[in-house]
>>> print(open('data_8.txt').read())   # compact mmCIF, C-alpha atoms and all ligand atoms
# COMPACT_ATOMS: atom_id res chain seq x y z
CA MET V 627 -174.89 86.39 -0.78
CA LEU V 628 -176.32 89.52 0.83
CA GLU V 629 -178.93 89.80 -1.91
CA GLN V 630 -179.69 86.12 -1.58
CA TYR V 631 -179.87 85.84 2.22
CA GLY V 632 -180.50 89.39 3.45
CA MET V 633 -177.98 88.92 6.24
CA VAL V 634 -174.53 87.35 6.32
CA TYR V 635 -171.74 86.82 8.83
CA VAL V 636 -168.18 87.63 7.78
CA LYS V 637 -165.68 85.74 9.92
CA PRO V 638 -161.91 85.32 10.11
CA ILE V 639 -160.91 81.82 8.98
CA SER V 640 -158.75 81.22 12.03
CA GLY V 641 -160.70 83.16 14.62
CA THR V 642 -161.59 82.39 18.23
CA HIS V 643 -163.76 83.88 20.97
CA GLY V 644 -165.93 85.67 18.39
CA LYS V 645 -163.09 88.08 17.61
CA GLY V 646 -163.33 89.94 14.29
CA VAL V 647 -166.81 88.62 13.48
CA ILE V 648 -168.92 91.01 11.37
CA ARG V 649 -172.67 90.89 10.77
CA VAL V 650 -173.89 92.51 7.55
CA GLU V 651 -177.53 93.23 6.71
CA TYR V 652 -179.10 94.32 3.44
CA LEU V 653 -181.96 96.81 3.81
CA PRO V 654 -183.92 96.50 0.52
CA GLU V 655 -186.50 99.17 1.40
CA LYS V 656 -183.69 101.73 1.69
CA SER V 657 -181.44 100.00 -0.88
CA SER V 658 -178.64 100.26 1.60
CA CYS V 659 -176.87 98.04 4.07
CA ARG V 660 -175.45 98.13 7.55
CA TYR V 661 -172.79 96.18 9.33
CA GLN V 662 -171.88 95.58 12.94
CA ILE V 663 -168.46 94.92 14.44
CA ASN V 664 -168.32 94.50 18.23
CA ASN V 665 -171.02 96.91 19.36
CA THR V 666 -170.62 99.50 16.63
CA ILE V 667 -173.17 99.64 13.82
CA LYS V 668 -172.35 101.49 10.60
CA SER V 669 -174.34 101.98 7.45
CA CYS V 670 -173.25 101.80 3.82
CA SER V 671 -175.10 103.10 0.78
CA THR V 672 -173.65 100.79 -1.88
CA PHE V 673 -172.06 97.35 -2.03
CA ASN V 674 -168.88 99.07 -3.12
CA ASP V 675 -168.86 101.22 0.05
CA LEU V 676 -169.39 98.10 2.11
CA HIS V 677 -166.62 96.25 0.31
CA GLN V 678 -164.14 99.09 0.89
CA ALA V 679 -165.08 99.35 4.57
CA LEU V 680 -164.70 95.61 5.09
CA LEU V 681 -161.36 95.52 3.26
CA ALA V 682 -160.04 98.26 5.55
CA TYR V 683 -161.11 96.23 8.54
CA THR V 684 -160.14 92.73 7.43
CA HIS V 685 -156.82 93.90 6.02
CA LYS V 686 -155.04 90.97 4.43
CA LYS V 687 -156.44 88.27 6.69
CA LYS V 688 -158.57 85.49 5.21
CA TYR V 689 -162.27 85.62 5.93
CA ILE V 690 -165.30 83.57 5.05
CA VAL V 691 -168.80 84.81 4.32
CA GLN V 692 -171.56 82.63 5.74
CA LYS V 693 -175.33 82.77 5.42
CA GLY V 694 -176.58 84.60 8.51
CA ILE V 695 -179.00 82.81 10.79
CA TYR V 696 -181.56 84.82 12.77
CA LEU V 697 -180.91 83.21 16.14
CA LEU V 698 -183.68 82.47 18.60
CA LYS V 699 -183.80 84.87 21.53
CA HIS V 700 -184.24 84.61 25.27
CA HIS V 701 -185.25 87.86 27.01
CA LYS V 702 -184.26 89.77 23.84
CA ARG V 703 -180.78 88.27 23.78
CA ARG V 704 -179.63 85.96 20.99
CA PHE V 705 -178.49 82.48 21.87
CA ASP V 706 -176.83 79.48 20.28
CA ILE V 707 -175.80 76.03 21.46
CA ARG V 708 -172.42 74.42 22.17
CA VAL V 709 -172.36 70.67 21.64
CA MET V 710 -169.37 68.80 23.11
CA VAL V 711 -168.53 65.53 21.36
CA GLN V 712 -165.80 63.14 22.45
CA LYS V 713 -164.34 59.71 21.78
CA ASN V 714 -165.65 57.64 24.69
CA LEU V 715 -163.88 54.85 26.57
CA ARG V 716 -164.93 52.40 23.81
CA ASN V 717 -163.38 54.72 21.22
CA LYS V 718 -166.80 55.67 19.79
CA TRP V 719 -168.01 59.25 19.21
CA GLU V 720 -170.43 60.34 21.92
CA THR V 721 -172.05 63.70 22.63
CA THR V 722 -171.17 64.43 26.26
CA GLY V 723 -172.45 67.96 26.83
CA ILE V 724 -174.99 70.42 25.46
CA ILE V 725 -175.16 73.96 26.81
CA GLY V 726 -176.71 77.24 25.69
CA ARG V 727 -174.84 80.51 25.27
CA LEU V 728 -176.68 83.77 25.60
CA SER V 729 -175.14 86.83 23.96
CA HIS V 730 -174.55 90.15 25.62
CA PRO V 731 -177.56 92.32 24.56
CA GLU V 732 -175.47 94.53 22.27
CA ARG V 733 -173.28 91.83 20.74
CA ILE V 734 -173.65 89.78 17.58
CA VAL V 735 -171.73 86.78 18.99
CA THR V 736 -172.55 84.52 21.94
CA ASN V 737 -168.96 83.64 22.95
CA TYR V 738 -168.17 83.60 26.65
CA HIS V 739 -165.08 85.74 26.01
CA ASN V 740 -167.30 88.32 24.33
CA GLY V 741 -169.78 88.93 27.12
CA GLY V 742 -171.81 85.73 26.61
CA THR V 743 -173.42 83.81 29.46
CA MET V 744 -173.64 80.03 29.71
CA ILE V 745 -177.13 78.82 30.49
CA SER V 746 -178.88 75.46 30.45
CA PHE V 747 -180.33 74.23 27.15
CA GLU V 748 -183.68 73.44 28.81
CA LYS V 749 -184.03 76.94 30.20
CA LEU V 750 -183.36 78.57 26.83
CA LEU V 751 -185.67 76.30 24.88
CA SER V 752 -188.51 76.38 27.43
CA GLU V 753 -189.82 79.59 25.82
CA HIS V 754 -189.99 77.90 22.43
CA LEU V 755 -190.79 74.20 22.99
CA SER V 756 -192.75 71.99 25.40
CA PRO V 757 -190.70 69.96 27.94
CA ALA V 758 -191.31 66.69 26.06
CA THR V 759 -190.22 68.23 22.74
CA ILE V 760 -187.11 69.73 24.35
CA ALA V 761 -185.91 66.24 25.34
CA GLY V 762 -186.43 64.98 21.76
CA TYR V 763 -184.67 68.02 20.29
CA LYS V 764 -181.75 67.44 22.63
CA SER V 765 -181.35 63.84 21.52
CA ASP V 766 -181.44 64.97 17.88
CA LEU V 767 -178.54 67.33 18.68
CA ARG V 768 -176.72 64.46 20.41
CA ARG V 769 -177.08 62.35 17.28
CA LEU V 770 -175.95 65.25 15.09
CA GLY V 771 -172.83 65.68 17.25
CA ALA V 772 -171.83 62.02 17.10
CA GLU V 773 -172.44 61.96 13.34
CA ILE V 774 -170.17 64.98 12.82
CA GLY V 775 -167.49 63.25 14.92
CA ARG V 776 -167.70 60.08 12.83
CA GLN V 777 -167.67 62.02 9.57
CA LEU V 778 -164.71 64.27 10.44
CA SER V 779 -162.77 61.23 11.68
CA THR V 780 -162.74 59.87 8.17
CA ALA V 781 -160.50 62.79 7.15
CA TYR V 782 -158.83 63.43 10.54
CA PRO V 783 -158.48 60.07 12.30
CA ARG V 784 -156.58 61.47 15.30
CA LEU V 785 -159.44 63.72 16.46
CA LYS V 786 -160.69 63.00 19.99
CA GLU V 787 -162.99 65.90 20.82
CA LEU V 788 -165.06 68.56 19.08
CA GLY V 789 -166.98 71.62 20.19
CA ILE V 790 -169.77 72.32 17.71
CA ASP V 791 -171.52 75.71 17.60
CA VAL V 792 -175.12 75.23 16.54
CA ALA V 793 -177.53 78.05 15.71
CA ILE V 794 -181.27 77.53 16.02
CA ASP V 795 -183.40 79.66 13.72
CA LYS V 796 -186.93 80.97 14.26
CA LYS V 797 -188.40 77.79 12.73
CA LEU V 798 -186.31 75.77 15.20
CA HIS V 799 -184.11 74.44 12.44
CA PRO V 800 -180.52 73.76 13.64
CA TRP V 801 -177.51 75.02 11.65
CA VAL V 802 -173.87 74.14 12.24
CA LEU V 803 -171.92 77.42 12.46
CA GLU V 804 -168.53 76.12 13.37
CA VAL V 805 -166.69 73.01 14.55
CA ASN V 806 -163.86 73.60 17.03
CA THR V 807 -161.17 70.98 17.44
CA LYS V 808 -159.87 72.34 20.76
CA PRO V 809 -163.03 73.02 22.74
CA HIS V 810 -162.93 74.27 26.33
CA PRO V 811 -164.46 71.66 28.63
CA TYR V 812 -164.68 74.09 31.56
CA VAL V 813 -167.86 75.84 30.38
CA PHE V 814 -169.76 72.68 31.34
CA ARG V 815 -168.80 73.12 35.00
CA MET V 816 -171.46 75.82 35.11
CA LEU V 817 -174.27 73.29 34.75
CA LYS V 818 -176.16 72.24 37.88
CA ASP V 819 -175.95 68.63 36.74
CA LYS V 820 -172.36 67.88 37.79
CA SER V 821 -172.34 64.49 36.07
CA VAL V 822 -171.98 66.23 32.67
CA TYR V 823 -168.60 67.79 33.46
CA GLN V 824 -167.46 64.67 35.32
CA LYS V 825 -168.01 62.55 32.22
CA ILE V 826 -166.32 65.11 29.94
CA ARG V 827 -163.32 65.09 32.27
CA ARG V 828 -163.24 61.28 32.53
CA TYR V 829 -163.18 60.84 28.75
CA SER V 830 -160.74 63.69 28.31
CA LEU V 831 -158.28 62.28 30.85
CA ALA V 832 -158.41 58.91 29.06
CA TYR V 833 -157.07 60.44 25.81
CA GLY V 834 -154.88 63.09 27.44
CA GLY V 835 -157.11 65.99 26.43
CA MET V 836 -156.97 68.03 29.64
CA LYS V 837 -153.24 68.66 29.24
CA GLY V 838 -152.30 72.25 28.61
CA LYS V 839 -155.84 73.53 28.92
CA SER V 840 -156.19 76.50 31.20
CA LYS V 841 -159.43 77.85 32.55
N1 LIG Q 901 -173.79 82.45 10.20
C1 LIG Q 901 -174.10 82.93 11.40
N2 LIG Q 901 -175.36 83.33 11.70
C2 LIG Q 901 -175.68 83.80 12.93
N3 LIG Q 901 -174.80 83.95 13.94
C3 LIG Q 901 -173.52 83.58 13.70
C4 LIG Q 901 -173.10 83.06 12.43
N4 LIG Q 901 -171.78 82.79 12.49
C5 LIG Q 901 -171.39 83.12 13.74
N5 LIG Q 901 -172.41 83.61 14.47
C6 LIG Q 901 -172.34 84.07 15.88
O1 LIG Q 901 -171.01 84.43 16.15
C7 LIG Q 901 -170.40 83.52 17.10
C8 LIG Q 901 -168.95 83.29 16.76
O2 LIG Q 901 -168.82 82.68 15.49
P1 LIG Q 901 -167.95 81.37 15.26
O3 LIG Q 901 -168.08 80.99 13.83
O4 LIG Q 901 -168.31 80.34 16.27
O5 LIG Q 901 -166.45 81.92 15.50
P2 LIG Q 901 -165.42 81.81 16.75
O6 LIG Q 901 -164.39 80.83 16.28
O7 LIG Q 901 -164.86 83.18 16.92
O8 LIG Q 901 -166.20 81.30 17.94
C9 LIG Q 901 -171.30 82.28 17.04
O9 LIG Q 901 -171.25 81.54 18.25
C10 LIG Q 901 -172.68 82.90 16.81
O10 LIG Q 901 -173.21 83.43 18.01
MG MG Q 902 -167.37 79.59 18.00
>>> encode(input="data_8.txt", output="structure tokens")
Amino acid sequence: MLEQYGMVYVKPISGTHGKGVIRVEYLPEKSSCRYQINNTIKSCSTFNDLHQALLAYTHKKKYIVQKGIYLLKHHKRRFDIRVMVQKNLRNKWETTGIIGRLSHPERIVTNYHNGGTMISFEKLLSEHLSPATIAGYKSDLRRLGAEIGRQLSTAYPRLKELGIDVAIDKKLHPWVLEVNTKPHPYVFRMLKDKSVYQKIRRYSLAYGGMKGKSK
């Protein structure tokens, strides 16, 4: 995959908060590679070296390797998008919140618990798209969210809410990185538009989703 994509993410199967996530890059001009865990970057001269180093780190836990996406940046910091999707009061999947997450400058993940900052989608995209295009892009993401909800429901009919992590690459193509089944609604309180969180809360209370969720 490294040869094929140039960069991959290696992630624990049951991870949260960006913990244990590794970014690996292949450097063809030097025929070597480098990998980053937290804010430490190390280099490796052969795939075998890399494999040994990763095995020592991942131990016996299960990991996946995923094609790496070169995320768009805002003031030199990477960002991705969290899309909140819920069953609404008519029991239909509806995207209720979209928010951007800006990584800490030295981190490879955007998670809030890993130094990330929540920031409005419009602000992040304003460097890359015109205001009219931003609105259209946002409704495409809304449709994508609802579609993922409908699709996953066919296998997991009891699902009520999803938090989808979406990467946007340099060509503005969206990629689904991860779908969380227990998303935190509280991140949406940070938006100026208070109606977003109010709706998330209203839907969540209707299906009992706020129970047991701490800030
Ligand atoms: N394939 C990828 N390409 C680029 N960045 C990624 C990729 N996978 C994960 N990331 C970054 O790492 C973060 C955490 O990964 P994620 O799969 O969401 O795991 P977690 O369950 O720990 O949140 C993502 O929000 C994103 O910023
Ligand atoms: Mg995530």
>>> residues_near_ligand(input="data_8.txt", ligand="ligand LIG 901 (chain Q)", cutoff="8 Å", atoms="all atoms listed in the file", output="PyMOL selection string")
chain V and resi 634-638+640-647+649+692-697+704-707+727+729+734-737+791-793+803-806
>>> residues_around(input="data_8.txt", residues="Met710 in chain V", least_positions_apart="5", cutoff="10 Å", atoms="only C-alpha atoms", output="list of chain:residue names")
V:Glu720, V:Thr721, V:Thr722, V:Gly723, V:Ile724, V:Ile725, V:Arg768, V:Gly771, V:Ala772, V:Glu787, V:Leu788, V:Gly789, V:Ile790, V:Asp791, V:Val805, V:Asn806, V:Pro809, V:His810, V:Pro811, V:Phe814, V:Ile826
>>> write_last_selection(input="data_8.txt", atoms="C-alpha atoms", output="compact mmCIF listing (two decimals), in the frame of the given file")
# COMPACT_ATOMS: atom_id res chain seq x y z
CA GLU V 720 -170.43 60.34 21.92
CA THR V 721 -172.05 63.70 22.63
CA THR V 722 -171.17 64.43 26.26
CA GLY V 723 -172.45 67.96 26.83
CA ILE V 724 -174.99 70.42 25.46
CA ILE V 725 -175.16 73.96 26.81
CA ARG V 768 -176.72 64.46 20.41
CA GLY V 771 -172.83 65.68 17.25
CA ALA V 772 -171.83 62.02 17.10
CA GLU V 787 -162.99 65.90 20.82
CA LEU V 788 -165.06 68.56 19.08
CA GLY V 789 -166.98 71.62 20.19
CA ILE V 790 -169.77 72.32 17.71
CA ASP V 791 -171.52 75.71 17.60
CA VAL V 805 -166.69 73.01 14.55
CA ASN V 806 -163.86 73.60 17.03
CA PRO V 809 -163.03 73.02 22.74
CA HIS V 810 -162.93 74.27 26.33
CA PRO V 811 -164.46 71.66 28.63
CA PHE V 814 -169.76 72.68 31.34
CA ILE V 826 -166.32 65.11 29.94
>>> closest_residue(input="data_8.txt", among="V:Leu628, V:Met744, V:Leu728, V:Leu798", to="Thr759 in chain V", atoms="all atoms listed in the file")
V:Leu798
>>> axis_aligned_box(input="data_8.txt", around="range 747-764 of chain V", padding_each_side="4 Å", output="lines of an AutoDock Vina configuration file")
center_x = -186.5
center_y = 72.3
center_z = 25.2
size_x = 20.4
size_y = 22.6
size_z = 17.9
>>> closest_residue(input="data_8.txt", among="V:Asn714, V:Gln824, V:Asn740, V:Thr780", to="ligand MG 902 (chain Q)", atoms="all atoms listed in the file")
V:Asn740
>>> residues_near_point(input="data_8.txt", point="(-177.8, 95.5, 6.3)", cutoff="7 Å", atoms="all atoms listed in the file", output="NGL selection string")
:V and (633 or 650-653 or 658-661)
>>> closest_residue(input="data_8.txt", among="V:Gly726, V:Asn717, V:Leu767, V:Arg776", to="Ser752 in chain V", atoms="all atoms listed in the file")
V:Gly726
>>> residues_around(input="data_8.txt", residues="Gly835 in chain V", least_positions_apart="3", cutoff="10 Å", atoms="only C-alpha atoms", output="compact mmCIF listing (two decimals) with C-alpha atoms, in the frame of the given file")
# COMPACT_ATOMS: atom_id res chain seq x y z
CA GLN V 712 -165.80 63.14 22.45
CA LYS V 786 -160.69 63.00 19.99
CA GLU V 787 -162.99 65.90 20.82
CA LYS V 808 -159.87 72.34 20.76
CA PRO V 809 -163.03 73.02 22.74
CA PRO V 811 -164.46 71.66 28.63
CA ILE V 826 -166.32 65.11 29.94
CA ARG V 827 -163.32 65.09 32.27
CA ARG V 828 -163.24 61.28 32.53
CA TYR V 829 -163.18 60.84 28.75
CA SER V 830 -160.74 63.69 28.31
CA LEU V 831 -158.28 62.28 30.85
CA ALA V 832 -158.41 58.91 29.06
CA GLY V 838 -152.30 72.25 28.61
CA LYS V 839 -155.84 73.53 28.92
>>> atom_distance(input="data_8.txt", atom1="CA of Leu676 in chain V", atom2="atom MG of ligand MG 902 (chain Q)")
24.5 Å
>>> atom_distance(input="data_8.txt", atom1="CA of Glu748 in chain V", atom2="CA of Leu698 in chain V")
13.6 Å
>>> decode(input="data_8.txt", residues="range 728-754 of chain V", atoms="N, CA, C and O atoms", output="PDB file, in the first residue's frame")
ATOM      1  N   LEU V 728      -9.518  21.306  13.309  1.00  0.00           N
ATOM      2  CA  LEU V 728      -8.196  21.743  12.888  1.00  0.00           C
ATOM      3  C   LEU V 728      -7.165  21.070  13.790  1.00  0.00           C
ATOM      4  O   LEU V 728      -7.271  21.131  15.019  1.00  0.00           O
ATOM      5  N   SER V 729      -6.156  20.441  13.184  1.00  0.00           N
ATOM      6  CA  SER V 729      -5.194  19.711  14.022  1.00  0.00           C
ATOM      7  C   SER V 729      -4.233  20.670  14.712  1.00  0.00           C
ATOM      8  O   SER V 729      -3.995  21.787  14.242  1.00  0.00           O
ATOM      9  N   HIS V 730      -3.658  20.212  15.785  1.00  0.00           N
ATOM     10  CA  HIS V 730      -2.514  20.885  16.394  1.00  0.00           C
ATOM     11  C   HIS V 730      -1.411  20.874  15.332  1.00  0.00           C
ATOM     12  O   HIS V 730      -1.266  19.885  14.599  1.00  0.00           O
ATOM     13  N   PRO V 731      -0.608  21.951  15.210  1.00  0.00           N
ATOM     14  CA  PRO V 731       0.370  22.022  14.106  1.00  0.00           C
ATOM     15  C   PRO V 731       1.318  20.822  14.007  1.00  0.00           C
ATOM     16  O   PRO V 731       1.745  20.457  12.914  1.00  0.00           O
ATOM     17  N   GLU V 732       1.646  20.198  15.127  1.00  0.00           N
ATOM     18  CA  GLU V 732       2.603  19.088  15.055  1.00  0.00           C
ATOM     19  C   GLU V 732       1.955  17.706  15.048  1.00  0.00           C
ATOM     20  O   GLU V 732       2.653  16.700  15.132  1.00  0.00           O
ATOM     21  N   ARG V 733       0.631  17.657  14.985  1.00  0.00           N
ATOM     22  CA  ARG V 733      -0.038  16.360  15.081  1.00  0.00           C
ATOM     23  C   ARG V 733      -0.533  15.867  13.730  1.00  0.00           C
ATOM     24  O   ARG V 733      -0.766  16.669  12.823  1.00  0.00           O
ATOM     25  N   ILE V 734      -0.727  14.560  13.645  1.00  0.00           N
ATOM     26  CA  ILE V 734      -1.209  13.957  12.399  1.00  0.00           C
ATOM     27  C   ILE V 734      -2.693  13.637  12.486  1.00  0.00           C
ATOM     28  O   ILE V 734      -3.267  13.067  11.569  1.00  0.00           O
ATOM     29  N   VAL V 735      -3.316  13.935  13.635  1.00  0.00           N
ATOM     30  CA  VAL V 735      -4.757  13.705  13.810  1.00  0.00           C
ATOM     31  C   VAL V 735      -5.426  15.024  14.192  1.00  0.00           C
ATOM     32  O   VAL V 735      -4.768  15.922  14.708  1.00  0.00           O
ATOM     33  N   THR V 736      -6.720  15.122  13.936  1.00  0.00           N
ATOM     34  CA  THR V 736      -7.431  16.383  14.202  1.00  0.00           C
ATOM     35  C   THR V 736      -8.285  16.299  15.476  1.00  0.00           C
ATOM     36  O   THR V 736      -8.953  17.268  15.824  1.00  0.00           O
ATOM     37  N   ASN V 737      -8.276  15.129  16.136  1.00  0.00           N
ATOM     38  CA  ASN V 737      -9.191  14.929  17.273  1.00  0.00           C
ATOM     39  C   ASN V 737      -9.031  15.990  18.357  1.00  0.00           C
ATOM     40  O   ASN V 737      -7.928  16.384  18.713  1.00  0.00           O
ATOM     41  N   TYR V 738     -10.174  16.390  18.899  1.00  0.00           N
ATOM     42  CA  TYR V 738     -10.227  17.371  19.979  1.00  0.00           C
ATOM     43  C   TYR V 738      -9.366  16.935  21.173  1.00  0.00           C
ATOM     44  O   TYR V 738      -8.653  17.728  21.760  1.00  0.00           O
ATOM     45  N   HIS V 739      -9.418  15.633  21.477  1.00  0.00           N
ATOM     46  CA  HIS V 739      -8.634  15.122  22.611  1.00  0.00           C
ATOM     47  C   HIS V 739      -7.159  14.963  22.265  1.00  0.00           C
ATOM     48  O   HIS V 739      -6.397  14.392  23.027  1.00  0.00           O
ATOM     49  N   ASN V 740      -6.761  15.425  21.114  1.00  0.00           N
ATOM     50  CA  ASN V 740      -5.361  15.323  20.696  1.00  0.00           C
ATOM     51  C   ASN V 740      -4.886  16.688  20.222  1.00  0.00           C
ATOM     52  O   ASN V 740      -4.094  16.798  19.286  1.00  0.00           O
ATOM     53  N   GLY V 741      -5.405  17.717  20.869  1.00  0.00           N
ATOM     54  CA  GLY V 741      -4.940  19.075  20.561  1.00  0.00           C
ATOM     55  C   GLY V 741      -5.675  19.754  19.423  1.00  0.00           C
ATOM     56  O   GLY V 741      -5.299  20.848  19.004  1.00  0.00           O
ATOM     57  N   GLY V 742      -6.724  19.110  18.886  1.00  0.00           N
ATOM     58  CA  GLY V 742      -7.485  19.700  17.774  1.00  0.00           C
ATOM     59  C   GLY V 742      -8.419  20.806  18.244  1.00  0.00           C
ATOM     60  O   GLY V 742      -8.776  20.869  19.412  1.00  0.00           O
ATOM     61  N   THR V 743      -8.775  21.677  17.292  1.00  0.00           N
ATOM     62  CA  THR V 743      -9.664  22.804  17.599  1.00  0.00           C
ATOM     63  C   THR V 743     -10.887  22.724  16.700  1.00  0.00           C
ATOM     64  O   THR V 743     -10.754  22.542  15.489  1.00  0.00           O
ATOM     65  N   MET V 744     -12.073  22.897  17.278  1.00  0.00           N
ATOM     66  CA  MET V 744     -13.290  22.889  16.476  1.00  0.00           C
ATOM     67  C   MET V 744     -13.443  24.271  15.841  1.00  0.00           C
ATOM     68  O   MET V 744     -13.192  25.279  16.503  1.00  0.00           O
ATOM     69  N   ILE V 745     -13.845  24.280  14.595  1.00  0.00           N
ATOM     70  CA  ILE V 745     -13.949  25.555  13.885  1.00  0.00           C
ATOM     71  C   ILE V 745     -15.007  25.417  12.788  1.00  0.00           C
ATOM     72  O   ILE V 745     -15.215  24.312  12.294  1.00  0.00           O
ATOM     73  N   SER V 746     -15.671  26.531  12.452  1.00  0.00           N
ATOM     74  CA  SER V 746     -16.807  26.364  11.539  1.00  0.00           C
ATOM     75  C   SER V 746     -16.353  25.896  10.150  1.00  0.00           C
ATOM     76  O   SER V 746     -15.254  26.239   9.685  1.00  0.00           O
ATOM     77  N   PHE V 747     -17.212  25.122   9.519  1.00  0.00           N
ATOM     78  CA  PHE V 747     -16.949  24.562   8.189  1.00  0.00           C
ATOM     79  C   PHE V 747     -16.699  25.699   7.189  1.00  0.00           C
ATOM     80  O   PHE V 747     -15.766  25.653   6.388  1.00  0.00           O
ATOM     81  N   GLU V 748     -17.542  26.736   7.272  1.00  0.00           N
ATOM     82  CA  GLU V 748     -17.443  27.860   6.326  1.00  0.00           C
ATOM     83  C   GLU V 748     -16.088  28.549   6.434  1.00  0.00           C
ATOM     84  O   GLU V 748     -15.462  28.891   5.434  1.00  0.00           O
ATOM     85  N   LYS V 749     -15.624  28.732   7.665  1.00  0.00           N
ATOM     86  CA  LYS V 749     -14.349  29.411   7.867  1.00  0.00           C
ATOM     87  C   LYS V 749     -13.205  28.595   7.243  1.00  0.00           C
ATOM     88  O   LYS V 749     -12.341  29.130   6.554  1.00  0.00           O
ATOM     89  N   LEU V 750     -13.225  27.300   7.471  1.00  0.00           N
ATOM     90  CA  LEU V 750     -12.155  26.445   6.941  1.00  0.00           C
ATOM     91  C   LEU V 750     -12.152  26.395   5.418  1.00  0.00           C
ATOM     92  O   LEU V 750     -11.100  26.418   4.793  1.00  0.00           O
ATOM     93  N   LEU V 751     -13.347  26.322   4.838  1.00  0.00           N
ATOM     94  CA  LEU V 751     -13.428  26.162   3.385  1.00  0.00           C
ATOM     95  C   LEU V 751     -13.281  27.482   2.638  1.00  0.00           C
ATOM     96  O   LEU V 751     -13.061  27.482   1.422  1.00  0.00           O
ATOM     97  N   SER V 752     -13.404  28.613   3.360  1.00  0.00           N
ATOM     98  CA  SER V 752     -13.393  29.909   2.684  1.00  0.00           C
ATOM     99  C   SER V 752     -12.076  30.162   1.941  1.00  0.00           C
ATOM    100  O   SER V 752     -12.052  30.891   0.959  1.00  0.00           O
ATOM    101  N   GLU V 753     -10.997  29.518   2.380  1.00  0.00           N
ATOM    102  CA  GLU V 753      -9.711  29.659   1.694  1.00  0.00           C
ATOM    103  C   GLU V 753      -9.692  28.879   0.380  1.00  0.00           C
ATOM    104  O   GLU V 753      -8.829  29.084  -0.453  1.00  0.00           O
ATOM    105  N   HIS V 754     -10.585  27.907   0.261  1.00  0.00           N
ATOM    106  CA  HIS V 754     -10.508  26.968  -0.861  1.00  0.00           C
ATOM    107  C   HIS V 754     -11.674  27.057  -1.842  1.00  0.00           C
ATOM    108  O   HIS V 754     -11.564  26.590  -2.963  1.00  0.00           O
TER     109      HIS V 754
END
